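Trainee: Dropping in coords-v1.csv, with CSV, C-alpha atoms.
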```
chain,number,residue,atom,x,y,z
A,25,LEU,CA,-97.4,47.0,142.7
A,26,ILE,CA,-99.8,46.4,139.8
A,27,THR,CA,-101.9,43.2,139.6
A,28,THR,CA,-104.4,42.2,137.0
A,29,ARG,CA,-107.4,40.0,136.8
A,30,SER,CA,-109.4,38.6,133.9
A,31,VAL,CA,-113.1,39.4,133.4
A,32,GLY,CA,-115.2,37.3,135.8
A,33,GLU,CA,-112.3,35.8,137.6
A,34,ASN,CA,-113.0,34.2,140.9
A,35,GLU,CA,-112.4,36.7,143.7
A,36,ARG,CA,-110.8,34.0,145.9
A,37,ASP,CA,-108.2,33.2,143.2
A,38,VAL,CA,-107.5,36.9,142.8
A,39,PHE,CA,-107.0,37.4,146.6
A,40,LEU,CA,-104.7,34.4,146.9
A,41,ARG,CA,-102.6,35.5,143.9
A,42,GLU,CA,-102.3,39.0,145.2
A,43,SER,CA,-101.4,37.8,148.6
A,44,GLU,CA,-98.6,35.6,147.1
A,45,ILE,CA,-97.0,38.5,145.1
A,46,ARG,CA,-97.1,40.6,148.3
A,47,SER,CA,-95.3,37.9,150.2
A,48,LEU,CA,-92.7,37.6,147.4
A,49,ILE,CA,-92.1,41.3,147.5
A,50,SER,CA,-91.9,41.2,151.3
A,51,THR,CA,-89.3,38.5,151.1
A,52,LEU,CA,-87.1,40.8,149.1
A,53,GLY,CA,-87.4,43.4,151.9
A,54,LEU,CA,-89.3,45.9,149.7
A,55,ASN,CA,-92.2,48.1,150.8
A,56,ILE,CA,-95.4,48.4,148.8
A,57,VAL,CA,-96.3,52.1,148.8
A,58,CYS,CA,-99.3,51.6,146.4
A,59,HIS,CA,-101.2,48.7,145.0
A,60,GLN,CA,-103.4,48.9,141.9
A,61,SER,CA,-105.5,46.2,140.4
A,62,PHE,CA,-106.7,46.4,136.8
A,63,THR,CA,-109.1,44.2,134.9
A,64,LEU,CA,-107.7,43.1,131.5
A,65,LYS,CA,-110.1,42.1,128.8
A,66,LYS,CA,-107.1,41.5,126.5
A,67,GLU,CA,-103.4,42.0,127.1
A,68,ASN,CA,-101.9,44.8,125.0
A,69,SER,CA,-98.9,43.2,123.2
A,70,VAL,CA,-97.0,46.5,123.2
A,71,THR,CA,-97.6,47.8,126.7
A,72,PHE,CA,-99.4,45.0,128.5
A,73,LEU,CA,-101.8,47.4,130.1
A,74,GLY,CA,-104.2,49.7,128.3
A,75,LYS,CA,-103.4,53.4,127.6
A,76,GLY,CA,-105.8,54.7,130.3
A,77,GLN,CA,-104.6,52.1,132.8
A,78,ILE,CA,-101.0,53.2,132.3
A,79,GLN,CA,-101.9,56.8,132.7
A,80,GLU,CA,-103.7,56.1,135.9
A,81,ALA,CA,-100.8,54.0,137.2
A,82,VAL,CA,-98.3,56.6,136.3
A,83,GLU,CA,-100.2,59.3,138.3
A,84,TRP,CA,-100.3,57.0,141.4
A,85,ALA,CA,-96.7,56.1,141.1
A,86,ARG,CA,-95.7,59.8,141.0
A,87,ALA,CA,-98.2,60.6,143.9
A,88,PHE,CA,-96.6,58.0,146.1
A,89,ASP,CA,-93.0,58.8,145.0
A,90,ALA,CA,-92.5,55.1,143.9
A,91,GLU,CA,-89.0,54.0,143.1
A,92,GLU,CA,-89.9,50.9,141.1
A,93,VAL,CA,-93.0,49.4,139.5
A,94,ILE,CA,-93.6,45.7,140.0
A,95,ILE,CA,-96.2,44.0,137.8
A,96,ASP,CA,-97.4,40.5,138.7
A,97,ALA,CA,-97.2,39.1,135.2
A,98,PHE,CA,-94.7,37.8,132.7
A,99,LEU,CA,-93.7,40.7,130.5
A,100,SER,CA,-92.1,40.5,127.2
A,101,PRO,CA,-88.9,42.6,126.7
A,102,ARG,CA,-90.9,45.0,124.5
A,103,GLU,CA,-93.6,45.4,127.0
A,104,GLU,CA,-91.1,46.0,129.8
A,105,MET,CA,-89.2,48.6,127.8
A,106,ASN,CA,-92.4,50.5,126.9
A,107,LEU,CA,-93.6,50.5,130.4
A,108,GLU,CA,-90.3,51.8,131.8
A,109,SER,CA,-90.5,54.5,129.2
A,110,ALA,CA,-94.0,55.4,130.4
A,111,PHE,CA,-93.2,55.4,134.1
A,112,SER,CA,-89.7,56.7,133.8
A,113,LEU,CA,-89.0,54.1,136.5
A,114,PRO,CA,-87.5,50.6,136.6
A,115,VAL,CA,-90.2,47.9,135.9
A,116,SER,CA,-89.9,44.4,137.1
A,117,ASP,CA,-92.2,41.4,136.4
A,118,ARG,CA,-93.0,38.3,138.4
A,119,GLU,CA,-90.0,36.4,136.9
A,120,ALA,CA,-87.6,39.2,137.9
A,121,VAL,CA,-89.0,39.2,141.5
A,122,ILE,CA,-88.6,35.4,141.9
A,123,GLU,CA,-85.2,35.5,140.4
A,124,ALA,CA,-84.1,38.2,142.8
A,125,ILE,CA,-85.3,36.1,145.7
A,126,PHE,CA,-83.4,33.1,144.4
A,127,TYR,CA,-80.3,35.2,144.0
A,128,GLN,CA,-80.7,36.5,147.6
A,129,ASN,CA,-81.1,33.1,149.1
A,130,ALA,CA,-78.7,31.0,147.0
A,131,HIS,CA,-75.7,30.1,149.1
A,132,SER,CA,-73.9,27.0,147.6
A,133,ARG,CA,-71.7,27.3,144.5
A,134,GLU,CA,-74.2,25.3,142.5
A,135,ALA,CA,-77.2,27.3,143.5
A,136,ARG,CA,-75.3,30.6,142.7
A,137,LEU,CA,-74.3,29.2,139.3
A,138,GLN,CA,-77.9,28.1,138.5
A,139,ILE,CA,-79.4,31.5,139.3
A,140,GLU,CA,-76.7,33.3,137.5
A,141,LYS,CA,-77.6,31.3,134.4
A,142,ALA,CA,-81.3,32.0,134.8
A,143,ARG,CA,-80.6,35.7,135.1
A,144,ALA,CA,-78.4,35.7,132.0
A,145,LEU,CA,-81.1,33.9,130.0
A,146,TYR,CA,-83.6,36.5,131.3
A,147,GLU,CA,-81.4,39.5,130.4
A,148,LYS,CA,-80.3,38.3,126.9
A,149,PRO,CA,-83.5,39.0,125.0
A,150,ARG,CA,-83.9,42.3,126.8
A,151,LEU,CA,-80.5,43.6,125.6
A,152,ILE,CA,-81.8,44.8,122.2
A,153,PHE,CA,-84.5,46.9,123.9
A,154,ARG,CA,-82.4,48.2,126.8
A,155,GLU,CA,-79.6,49.2,124.5
A,156,ALA,CA,-81.9,50.7,121.9
A,157,ASN,CA,-80.6,54.2,122.6
A,158,LEU,CA,-77.1,52.9,121.8
A,159,SER,CA,-78.1,51.1,118.6
A,160,GLN,CA,-79.5,54.3,117.2
A,161,GLN,CA,-76.0,55.8,117.2
A,162,ARG,CA,-74.6,55.8,113.7
A,163,GLY,CA,-71.0,56.5,112.8
A,164,GLY,CA,-68.6,56.0,110.0
A,165,VAL,CA,-69.5,55.5,106.3
A,166,ARG,CA,-72.8,54.3,105.1
A,167,GLY,CA,-73.4,50.7,106.0
A,168,ALA,CA,-70.8,50.8,108.9
A,169,LYS,CA,-72.0,49.8,112.3
A,170,GLY,CA,-72.3,52.5,114.9
A,171,GLU,CA,-70.6,52.3,118.3
A,172,GLY,CA,-73.9,51.5,119.9
A,173,GLU,CA,-74.4,48.4,117.7
A,174,LYS,CA,-70.8,47.3,118.5
A,175,ALA,CA,-71.5,47.7,122.3
A,176,LEU,CA,-74.7,45.7,121.9
A,177,GLU,CA,-73.1,42.9,120.1
A,178,LEU,CA,-70.2,42.8,122.5
A,179,GLU,CA,-72.6,42.5,125.5
A,180,ARG,CA,-74.6,39.8,123.8
A,181,ARG,CA,-71.5,37.8,123.0
A,182,THR,CA,-70.3,38.2,126.6
A,183,ILE,CA,-73.6,36.9,127.9
A,184,GLU,CA,-73.6,34.0,125.5
A,185,GLU,CA,-70.1,33.0,126.5
A,186,ARG,CA,-71.0,33.3,130.2
A,187,ILE,CA,-74.0,31.0,129.7
A,188,LYS,CA,-71.7,28.4,128.0
A,189,THR,CA,-69.2,28.6,130.8
A,190,LEU,CA,-72.0,28.2,133.4
A,191,ASP,CA,-73.3,25.2,131.5
A,192,ARG,CA,-69.9,23.5,131.7
A,193,GLU,CA,-69.5,24.2,135.4
A,194,LEU,CA,-73.0,23.0,136.2
A,195,GLU,CA,-72.4,19.8,134.1
A,196,THR,CA,-69.3,19.1,136.1
A,197,LEU,CA,-71.2,19.4,139.4
A,198,LYS,CA,-74.0,17.3,138.0
A,199,LYS,CA,-71.6,14.5,137.1
A,200,THR,CA,-70.1,14.7,140.6
A,201,ARG,CA,-73.6,14.3,142.2
A,202,SER,CA,-74.4,11.4,139.8
A,203,ILE,CA,-71.3,9.6,141.0
A,204,GLN,CA,-72.2,10.2,144.6
A,205,ARG,CA,-75.8,8.9,143.9
A,206,GLN,CA,-74.4,5.8,142.3
A,207,LYS,CA,-72.3,5.1,145.4
A,208,ARG,CA,-75.4,5.4,147.6
A,209,GLU,CA,-77.3,3.1,145.3
A,210,LYS,CA,-74.6,0.5,145.4
A,211,ARG,CA,-74.7,0.6,149.2
A,212,GLY,CA,-78.5,-0.1,148.9
A,213,ILE,CA,-79.5,3.0,150.9
A,214,PHE,CA,-83.2,4.0,150.4
A,215,SER,CA,-83.7,7.7,149.7
A,216,PHE,CA,-86.6,10.2,150.2
A,217,ALA,CA,-86.9,13.7,148.8
A,218,LEU,CA,-88.9,16.3,150.6
A,219,THR,CA,-91.0,18.3,148.1
A,220,GLY,CA,-93.9,20.7,148.3
A,221,TYR,CA,-95.0,24.3,148.1
A,222,THR,CA,-92.5,26.9,149.2
A,223,ASN,CA,-92.6,27.7,153.0
A,224,ALA,CA,-94.6,24.5,153.7
A,225,GLY,CA,-92.1,23.5,156.4
A,226,LYS,CA,-89.8,21.0,154.5
A,227,SER,CA,-86.6,22.2,156.2
A,228,THR,CA,-88.2,22.2,159.6
A,229,LEU,CA,-89.4,18.6,159.0
A,230,LEU,CA,-85.9,17.6,157.9
A,231,ASN,CA,-84.5,19.0,161.1
A,232,ARG,CA,-87.1,17.2,163.3
A,233,LEU,CA,-86.5,13.9,161.6
A,234,THR,CA,-82.8,13.9,161.5
A,235,GLN,CA,-81.9,16.2,164.5
A,236,SER,CA,-80.2,18.6,162.1
A,237,GLU,CA,-79.9,22.4,162.1
A,238,VAL,CA,-80.6,23.2,158.4
A,239,LEU,CA,-81.7,26.8,157.9
A,240,ALA,CA,-85.5,27.0,158.3
A,241,GLU,CA,-87.1,30.4,158.0
A,242,ASP,CA,-90.7,31.5,157.7
A,243,LYS,CA,-90.3,33.0,154.3
A,244,LEU,CA,-90.6,32.0,150.6
A,245,PHE,CA,-87.8,30.1,149.0
A,246,ALA,CA,-85.6,30.0,152.1
A,247,THR,CA,-84.1,26.8,150.8
A,248,LEU,CA,-82.5,26.6,147.4
A,249,ASP,CA,-79.6,24.3,148.1
A,250,THR,CA,-80.3,20.6,148.3
A,251,THR,CA,-79.4,19.2,151.8
A,252,THR,CA,-79.2,15.5,152.5
A,253,ARG,CA,-79.2,14.0,155.9
A,254,ALA,CA,-79.2,10.4,157.2
A,255,LEU,CA,-82.1,9.0,159.2
A,256,ASN,CA,-82.3,5.8,161.3
A,257,LEU,CA,-85.8,4.4,161.2
A,258,PRO,CA,-87.2,2.6,164.2
A,259,SER,CA,-86.5,-0.7,162.5
A,260,GLY,CA,-82.8,0.2,162.4
A,261,GLN,CA,-82.7,0.8,158.7
A,262,LYS,CA,-80.7,3.8,157.5
A,263,VAL,CA,-82.3,6.0,154.9
A,264,LEU,CA,-81.4,9.4,153.4
A,265,VAL,CA,-83.7,12.4,153.4
A,266,SER,CA,-83.1,15.3,151.0
A,267,ASP,CA,-84.6,18.8,151.3
A,268,THR,CA,-85.3,20.5,147.9
A,269,VAL,CA,-86.4,23.9,146.6
A,270,GLY,CA,-90.0,24.7,147.1
A,271,PHE,CA,-92.6,25.2,144.3
A,272,ILE,CA,-95.0,28.1,143.7
A,273,GLN,CA,-97.8,28.9,141.3
A,274,ASN,CA,-96.5,30.2,137.9
A,275,LEU,CA,-92.9,29.4,138.7
A,276,PRO,CA,-91.0,30.6,135.7
A,277,LEU,CA,-89.9,27.7,133.4
A,278,SER,CA,-86.4,29.2,133.2
A,279,LEU,CA,-86.0,28.7,136.9
A,280,ILE,CA,-87.3,25.1,136.8
A,281,GLU,CA,-84.8,24.5,134.0
A,282,ALA,CA,-82.0,26.3,135.8
A,283,PHE,CA,-82.5,24.3,139.0
A,284,SER,CA,-83.2,21.0,137.2
A,285,SER,CA,-80.0,19.5,138.5
A,286,THR,CA,-81.0,20.3,142.1
A,287,LEU,CA,-84.5,19.0,141.5
A,288,GLU,CA,-83.0,15.8,140.3
A,289,GLU,CA,-83.0,14.7,143.9
A,290,ALA,CA,-86.7,14.4,143.7
A,291,LEU,CA,-86.5,12.7,140.3
A,292,ASN,CA,-83.9,10.1,141.4
A,293,SER,CA,-85.1,9.4,144.9
A,294,ASP,CA,-86.8,6.2,145.8
A,295,ALA,CA,-89.8,8.0,147.1
A,296,VAL,CA,-91.1,11.5,147.4
A,297,ILE,CA,-92.5,13.1,150.6
A,298,ILE,CA,-94.9,15.9,149.8
A,299,VAL,CA,-95.2,18.4,152.6
A,300,ALA,CA,-98.5,20.1,152.5
A,301,ASP,CA,-99.2,23.3,154.6
A,302,ALA,CA,-102.7,22.8,156.2
A,303,SER,CA,-102.7,26.4,157.4
A,304,HIS,CA,-102.5,27.8,153.8
A,305,PRO,CA,-105.7,29.5,152.7
A,306,ASP,CA,-105.7,27.4,149.6
A,307,SER,CA,-103.8,24.3,150.5
A,308,VAL,CA,-105.5,22.2,147.8
A,309,LYS,CA,-104.2,24.6,145.1
A,310,CYS,CA,-100.7,24.4,146.6
A,311,PHE,CA,-100.9,20.6,146.5
A,312,ASP,CA,-102.1,20.6,142.9
A,313,THR,CA,-99.2,23.0,142.0
A,314,THR,CA,-96.7,20.6,143.6
A,315,MET,CA,-98.2,17.6,141.7
A,316,GLU,CA,-98.1,19.5,138.4
A,317,THR,CA,-94.5,20.5,139.0
A,318,LEU,CA,-93.4,17.0,139.9
A,319,ALA,CA,-95.1,15.8,136.7
A,320,THR,CA,-93.2,18.4,134.7
A,321,LEU,CA,-90.0,17.1,136.2
A,322,GLY,CA,-90.9,13.6,135.2
A,323,ALA,CA,-91.6,12.3,138.7
A,324,ARG,CA,-95.3,11.7,138.2
A,325,ASP,CA,-95.0,7.9,138.9
A,326,LYS,CA,-92.8,8.2,141.9
A,327,VAL,CA,-94.0,6.6,145.2
A,328,LYS,CA,-95.4,9.5,147.2
A,329,LEU,CA,-96.1,10.0,150.9
A,330,VAL,CA,-98.2,13.1,151.8
A,331,VAL,CA,-97.4,14.8,155.1
A,332,ILE,CA,-99.9,17.3,156.4
A,333,ASN,CA,-98.0,20.1,158.2
A,334,LYS,CA,-98.9,23.1,160.4
A,335,VAL,CA,-102.2,21.4,161.5
A,336,GLY,CA,-102.0,23.2,164.8
A,337,SER,CA,-102.0,26.6,163.0
A,338,ILE,CA,-105.5,26.1,161.5
```
Could you express the structure from this file as structure tokens?

Mentor:
Amino acid sequence: LITTRSVGENERDVFLRESEIRSLISTLGLNIVCHQSFTLKKENSVTFLGKGQIQEAVEWARAFDAEEVIIDAFLSPREEMNLESAFSLPVSDREAVIEAIFYQNAHSREARLQIEKARALYEKPRLIFREANLSQQRGGVRGAKGEGEKALELERRTIEERIKTLDRELETLKKTRSIQRQKREKRGIFSFALTGYTNAGKSTLLNRLTQSEVLAEDKLFATLDTTTRALNLPSGQKVLVSDTVGFIQNLPLSLIEAFSSTLEEALNSDAVIIVADASHPDSVKCFDTTMETLATLGARDKVKLVVINKVGSI
């Protein structure tokens, strides 16, 4: 694991960010055999890290017999390719780690389609670099394309066609959900959406409120599928409560976009219940992240109810 910090960055912020990436890696079931932290004055646009930093990291990776290098940053395709060449090992960035967790925890057809689209969008710009060895192959007469280029173009077209197919399937599911939502609105049923930082306890709260048995685990992104349950209030009024995917700092935009249809439950609900984890070492930052993400989704002006959870764990 490689993490970075900027010059003069607050130590608390660094600690919390490093703790978070460790939790993400743990969620994947991977073991961290070595953790290095480097200070970056300026990101190297070719290799992300400096030459001396890479050399040091390579030596540690070999000493600990690492099988993969994870860097808590968003790497460009070029940076990733050059780092893999330097380490002679697979290199994954923060986006790849979160995507892998989403893929691992996606169960419904829609969630699987959404994460497949996100992964396809992630892989597409990396094709030209990962297939560089093929594109160097030249064959035939001057000006003719080599077999490597043909293979690259074929794979690119395959990904593009798959993305189009996924978009069509997701749009069909979106329309179905829209029809269901319209039926609820006609019946005049008030709806709440549970939102908040990942692992804040949204699914557990849903279970307590509605006497349900929705999957609730003490790990990041345990819930990716929107689950809606009915709740009878003390007044006798029936309302609907929906559990939604949790948020996290630096959540890749591609994943927000991929899960936009799922997150529509928060956007189209009558009110939003923000579940805040009081036991988190930086609960204020988590709350701010939730508010920023809701604003990104267009739910800034929604009626909001804040629920402070895990108070007994403080």

Trainee: One decimal, Å: what's the distance from atom CA of A:Val121 over to atom CA of A:Ile45, could you say?

Mentor: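 Taking atom CA of A:Val121 as the start and atom CA of A:Ile45 as the end point, the length is 8.8 Å.
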
Trainee: May I have the residues within 10 Å of stretch 33-40 of chain A as a ChimeraX atom specification, using all atoms listed in the file and disregarding those fewer than 2 positions away in the same chain?

Mentor: /A:27-31,42-46,61,63,304-306,309

Trainee: Atom CA of A:Ile272 to atom CA of A:Arg41: how many Å, to one decimal?

Mentor: 10.6 Å

Trainee: Would you compute the distance between atom CA of A:Val331 and atom CA of A:Val265? Give it in Å to one decimal.

Mentor: 14.0 Å

Trainee: Pick from A:Gln79, A:Thr250, A:Gln60, A:Thr313: nearest to A:Leu275, with only C-alpha atoms counted?

Mentor: A:Thr313

Trainee: Nearest to A:Asn68: which of A:Glu92, A:Lys326, A:Leu99, A:Leu52 is it, counting only C-alpha atoms?

Mentor: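 Checking each of A:Glu92, A:Lys326, A:Leu99, A:Leu52 against A:Asn68, counting only C-alpha atoms, the winner is A:Leu99.
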
Trainee: Find the residue from A:Val70, A:Asn231, A:Thr219, A:Thr251 that sits nearest to A:Leu329; use all atoms listed in the file when measuring.

Mentor: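 For A:Leu329, the nearest of the candidates is A:Thr219.
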
Trainee: Pick out the closest residue to A:Arg150 from this set: A:Met105, A:Ala323, A:Leu48, A:Ala302. Count only C-alpha atoms.

Mentor: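 Smallest separation from A:Arg150 among the options: A:Met105.
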
Trainee: I need the residue nearest A:Gln204 from this list: A:Glu67, A:Thr252, A:Ala90, A:Asp191. Use only C-alpha atoms for the distance.

Mentor: A:Thr252

Trainee: Taking (-91.6, 48.2, 140.1) in the file's coordinates, which residues come within 10 Å, counting only C-alpha atoms, written as a list in words?

Mentor: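 Using only C-alpha atoms, the matching residues come out as Leu25, Ile26, Ile56, Ala85, Ala90, Glu91, Glu92, Val93, Ile94, Ile95, Asp96, Glu108, Phe111, Leu113, Pro114, Val115, Ser116, Asp117 and Val121 of chain A.
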
Trainee: So, with all atoms listed in the file as the atoms that count, which of A:Tyr221, A:Phe72, A:Phe311, A:Phe216 lies closest to A:Leu233?

Mentor: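 Nearest candidate to A:Leu233 out of A:Tyr221, A:Phe72, A:Phe311, A:Phe216: A:Phe216.
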
Trainee: Show me, as a list in words, the residues that have an atom within 9 Å of A:Leu137 when counting all atoms listed in the file, minus same-chain residues fewer than 5 positions from it.

Mentor: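 Near A:Leu137, the qualifying residues are Ser132, Ala142, Leu190, Asp191, Glu193, Leu194 and Ala282 of chain A.
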
Trainee: Could stretch 269-280 of chain A be completed with N, CA, C and O atoms and written as a CSV table (one decimal), in the coordinates of the input, please?

Mentor:
```csv
chain,number,residue,atom,x,y,z
A,269,VAL,N,-85.8,22.5,146.8
A,269,VAL,CA,-86.4,23.9,146.6
A,269,VAL,C,-87.9,23.7,146.5
A,269,VAL,O,-88.4,22.8,145.9
A,270,GLY,N,-88.6,24.7,147.1
A,270,GLY,CA,-90.0,24.7,147.1
A,270,GLY,C,-90.6,25.1,145.7
A,270,GLY,O,-90.0,25.7,144.9
A,271,PHE,N,-91.9,24.8,145.5
A,271,PHE,CA,-92.6,25.2,144.3
A,271,PHE,C,-93.5,26.4,144.6
A,271,PHE,O,-93.8,26.7,145.8
A,272,ILE,N,-94.0,27.0,143.5
A,272,ILE,CA,-95.0,28.1,143.7
A,272,ILE,C,-95.8,28.1,142.4
A,272,ILE,O,-95.3,27.6,141.3
A,273,GLN,N,-97.0,28.7,142.5
A,273,GLN,CA,-97.8,28.9,141.3
A,273,GLN,C,-97.0,29.8,140.3
A,273,GLN,O,-96.4,30.8,140.6
A,274,ASN,N,-97.1,29.4,139.0
A,274,ASN,CA,-96.5,30.2,137.9
A,274,ASN,C,-95.0,30.4,138.2
A,274,ASN,O,-94.5,31.5,138.0
A,275,LEU,N,-94.4,29.3,138.6
A,275,LEU,CA,-92.9,29.4,138.7
A,275,LEU,C,-92.3,29.4,137.3
A,275,LEU,O,-92.6,28.6,136.5
A,276,PRO,N,-91.5,30.4,137.0
A,276,PRO,CA,-91.0,30.6,135.7
A,276,PRO,C,-90.3,29.3,135.2
A,276,PRO,O,-89.5,28.7,135.9
A,277,LEU,N,-90.5,28.9,134.0
A,277,LEU,CA,-89.9,27.7,133.4
A,277,LEU,C,-88.4,27.8,133.4
A,277,LEU,O,-87.7,26.8,133.6
A,278,SER,N,-87.9,29.0,133.2
A,278,SER,CA,-86.4,29.2,133.2
A,278,SER,C,-85.8,28.8,134.5
A,278,SER,O,-84.7,28.3,134.6
A,279,LEU,N,-86.5,29.1,135.6
A,279,LEU,CA,-86.0,28.7,136.9
A,279,LEU,C,-86.1,27.2,137.2
A,279,LEU,O,-85.2,26.6,137.8
A,280,ILE,N,-87.2,26.6,136.7
A,280,ILE,CA,-87.3,25.1,136.8
A,280,ILE,C,-86.2,24.5,136.0
A,280,ILE,O,-85.5,23.5,136.5
```
